[in-house]
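Here is the structure we will look at.
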Amino acid sequence: MERLKRRARASRKVGGVSRAAAASKRRYRTQRGRRSAAKGTRYRRRRAGAAPSVPFVPFARPAASAASLAAWRREGMTLGAAWRSEHPSGTPEELKSYVQERWTRMARDGSGKPGTAPGAGWAEIWERGKAFGEGAMEGAGLPSGFVPVPLQGSAAAVLYAEPMSARSLTSVLSVLDLLPLTEIVIVSGNAPESWLTAARSHPKATIAHDPDAVHADVGRALGAKLTGADIVLFVDGEQPAPAEELARFLWECDGRLDVALNDVSPEHRMFNERNAVLRLHEFLNVTLGRADLKMNTMASLPFALSRNALDSLGSALLAVPVKAHAAAVLRGLRIGTAGEVRGPSPFGAEAPPPLLRVAAGDHIEAWREAMTARGSRLHFVDRARNRGAVGGVTADAGIHHNPDE
């Protein structure tokens, strides 16, 4: 009897619906609301730019497995051993050229394994190339390492080296030896004969020496004039960078970008962490309509230029890097970041007044170049007033010192 009474109470109607049915609906709505809220939260986080718990890269391939890398290394050893049997007195540079040509051919004709197939990610390309190149050198009985990169054209490196920094230069050259470079142009000024002898001993080095002191930017511009490579990588002659990062600049400039910049923005996320020179770089990009480049310009090493960019800009313009950067934007070249090479800031926490004045002058030259091409207002539209009402008075008319007042 008591059981029947409980059933009767539970089945009583509440607004035309039984209590059990109402409770079930409440639970369903609560669960659905929680799912919607969670979904909305995830959506808002994505829209706000926050990284998800697991990074999502569309169409990304997994990193090369250990078994795959071992297979590539064995294939490289077979290639190196066969080459050595055919060229018993061949030099390391000759083998590197042969390995680079074979690796590029496999990537282009699709006969290679997934590591060289079109669409492979950079990490995969680098890992497989490194395994293949090291295997080839080992198979030929040569100790030096080498990493081939599938490039359509030739590549060279340009650097300015201080005449008293032979040890730093050796460290930089040891990293560049790992890359598929046909030439390394080293520029220096007022260097002693011992330094020149050491620099000339490198098999790929072209030395440009001035008996007087040379500014680093001017030296790199001179070096760019001396090479006819399809891709030119500009590196710091004092601070070696990881070979993998430098190689990516070459890869990005091989048909994807004309100007591949170093991304320094992760080091200076907060505005108060940027010195005055970095703020000038960022303001220059904003005024040129390329705020997406943040504070990245050709003034930050390393960077790479395609032959199209070099022919369009001319080597002389590289003597003022920010002016060359502005010209590259104005001429519609493909500009983007290729890597993130961290190093000591050339100005420290803040630029000394003399260097800041030089940097400010360089940026003024860049803005003058931009205003000559786009007008005094660049891409900014004047919506504050109707100039036509007073006859279209502008600053160029010389009537008013500041037409915006």
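FYI, nothing fancy with the structure tokens labels: chains A, B, ... in order, residues from 1 per chain, ligands from 1 as they appear.
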Inset, instruction - May I have the residues within 12 Å of Gln152 in chain A as a list in words, using only C-alpha atoms and disregarding those fewer than 6 positions away in the same chain? - result: Gln100, Glu101, Trp103, Thr104, Arg105, Ala107, Arg108, Pro180, Ala229, Asp230, Ile231, Leu250, Trp251, Glu252, Cys253, Asp254, Gly255, Arg256 and Ser306 of chain A
Inset, instruction - Step one, run DSSP on the backbone; step two, keep only residues of range 126-366 of chain A assigned to helix (DSSP H, G or I); then write them as a ChimeraX atom specification. - result: /A:126-139,166-176,193-200,216-225,243-252,265-268,271-273,276-287,291-293,307-313,315-319,321-330,353-366
For those residues, write C-alpha atoms to a file as a CSV table (one decimal), in the first residue's frame.
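Result file out-v3.csv:
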```
chain,number,residue,atom,x,y,z
A,126,TRP,CA,65.3,18.6,-41.9
A,127,GLU,CA,65.4,15.4,-39.9
A,128,ARG,CA,65.3,13.1,-43.0
A,129,GLY,CA,67.9,15.3,-44.8
A,130,LYS,CA,70.2,15.2,-41.8
A,131,ALA,CA,70.0,11.4,-41.6
A,132,PHE,CA,70.6,11.0,-45.3
A,133,GLY,CA,73.5,13.5,-45.4
A,134,GLU,CA,75.3,12.2,-42.4
A,135,GLY,CA,74.9,8.7,-43.7
A,136,ALA,CA,76.4,9.7,-47.0
A,137,MET,CA,79.4,11.3,-45.4
A,138,GLU,CA,80.0,8.3,-43.2
A,139,GLY,CA,79.6,5.9,-46.1
A,166,ALA,CA,89.0,34.7,-35.7
A,167,ARG,CA,87.6,32.3,-33.1
A,168,SER,CA,84.0,33.6,-33.6
A,169,LEU,CA,84.4,33.4,-37.4
A,170,THR,CA,85.6,29.7,-37.1
A,171,SER,CA,82.5,28.9,-35.1
A,172,VAL,CA,80.2,30.5,-37.6
A,173,LEU,CA,81.9,28.8,-40.6
A,174,SER,CA,81.6,25.4,-38.9
A,175,VAL,CA,77.8,25.8,-38.8
A,176,LEU,CA,77.6,27.1,-42.4
A,193,GLU,CA,97.4,39.0,-42.5
A,194,SER,CA,97.0,36.1,-40.0
A,195,TRP,CA,93.2,36.6,-40.1
A,196,LEU,CA,93.1,36.7,-43.8
A,197,THR,CA,95.2,33.6,-44.1
A,198,ALA,CA,92.8,31.7,-41.8
A,199,ALA,CA,89.7,33.0,-43.7
A,200,ARG,CA,91.2,32.0,-47.1
A,216,ALA,CA,78.8,45.9,-40.9
A,217,ASP,CA,75.8,46.9,-43.0
A,218,VAL,CA,78.0,48.3,-45.7
A,219,GLY,CA,80.1,45.1,-45.7
A,220,ARG,CA,77.1,42.9,-46.1
A,221,ALA,CA,75.8,45.1,-49.0
A,222,LEU,CA,79.2,44.7,-50.7
A,223,GLY,CA,79.1,40.9,-50.1
A,224,ALA,CA,75.7,40.7,-51.7
A,225,LYS,CA,77.1,42.3,-54.8
A,243,ALA,CA,72.1,25.1,-38.6
A,244,GLU,CA,68.4,24.0,-38.7
A,245,GLU,CA,67.2,27.5,-38.2
A,246,LEU,CA,69.5,29.0,-40.9
A,247,ALA,CA,68.5,26.2,-43.3
A,248,ARG,CA,64.9,27.2,-43.0
A,249,PHE,CA,65.6,30.7,-44.3
A,250,LEU,CA,67.0,29.1,-47.4
A,251,TRP,CA,64.0,26.8,-47.8
A,252,GLU,CA,61.5,29.6,-47.3
A,265,SER,CA,58.8,39.3,-31.6
A,266,PRO,CA,58.6,36.3,-29.2
A,267,GLU,CA,61.6,37.8,-27.2
A,268,HIS,CA,59.8,41.1,-26.8
A,271,PHE,CA,55.8,46.8,-25.2
A,272,ASN,CA,57.9,47.9,-22.2
A,273,GLU,CA,60.4,45.1,-23.2
A,276,ALA,CA,63.6,52.5,-28.9
A,277,VAL,CA,65.1,50.9,-32.0
A,278,LEU,CA,62.6,48.0,-31.9
A,279,ARG,CA,59.7,50.5,-31.5
A,280,LEU,CA,61.0,52.4,-34.6
A,281,HIS,CA,61.0,49.1,-36.5
A,282,GLU,CA,57.4,48.3,-35.5
A,283,PHE,CA,56.2,51.8,-36.2
A,284,LEU,CA,57.8,51.6,-39.7
A,285,ASN,CA,55.9,48.4,-40.5
A,286,VAL,CA,52.6,50.0,-39.3
A,287,THR,CA,53.1,53.0,-41.4
A,291,ALA,CA,51.6,45.7,-39.1
A,292,ASP,CA,51.7,41.8,-39.3
A,293,LEU,CA,55.5,42.0,-39.5
A,307,ARG,CA,67.5,36.6,-56.5
A,308,ASN,CA,64.2,38.4,-57.4
A,309,ALA,CA,64.5,40.6,-54.3
A,310,LEU,CA,68.2,41.3,-54.9
A,311,ASP,CA,67.6,42.3,-58.5
A,312,SER,CA,64.7,44.5,-57.5
A,313,LEU,CA,66.3,46.3,-54.6
A,315,SER,CA,72.9,45.5,-53.4
A,316,ALA,CA,73.7,49.2,-52.6
A,317,LEU,CA,70.3,49.7,-50.9
A,318,LEU,CA,71.2,47.0,-48.3
A,319,ALA,CA,73.7,49.4,-46.7
A,321,PRO,CA,68.7,47.8,-44.0
A,322,VAL,CA,65.5,49.5,-42.9
A,323,LYS,CA,65.4,51.5,-46.1
A,324,ALA,CA,65.8,48.3,-48.1
A,325,HIS,CA,63.0,46.8,-46.0
A,326,ALA,CA,60.7,49.7,-46.8
A,327,ALA,CA,61.6,49.4,-50.5
A,328,ALA,CA,60.8,45.7,-50.4
A,329,VAL,CA,57.3,46.4,-49.0
A,330,LEU,CA,56.7,49.3,-51.5
A,353,PRO,CA,72.3,57.9,-27.9
A,354,PRO,CA,74.8,57.8,-30.8
A,355,LEU,CA,73.4,54.5,-32.2
A,356,LEU,CA,69.8,55.7,-31.6
A,357,ARG,CA,70.5,58.8,-33.6
A,358,VAL,CA,71.9,56.6,-36.5
A,359,ALA,CA,68.9,54.3,-36.3
A,360,ALA,CA,66.5,57.3,-36.3
A,361,GLY,CA,68.2,58.7,-39.3
A,362,ASP,CA,68.0,55.4,-41.1
A,363,HIS,CA,64.2,55.3,-40.5
A,364,ILE,CA,63.8,58.8,-41.7
A,365,GLU,CA,65.4,57.7,-45.0
A,366,ALA,CA,63.0,54.8,-45.1
```
Legend entry - Contacts of Glu340 in chain A at 8 Å (only C-alpha atoms; same-chain gap of 6+ positions) as a ChimeraX atom specification: /A:245,262-264
Legend entry - For CA of Met77 in chain A and CA of Ala140 in chain A, the interatomic separation in Å (one decimal):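 Going from CA of Met77 in chain A over to CA of Ala140 in chain A, I get 7.3 Å.
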Legend entry - Å distance separating CA of Gly141 in chain A from CA of Ile184 in chain A, one decimal place: 24.9 Å
Legend entry - Residue with smallest distance to Pro192 in chain A - pool A:Ser165, A:Ser300, A:Ser89, A:Thr206, counting only C-alpha atoms: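 Checking each candidate against Pro192 in chain A, we get A:Ser165 as the closest.
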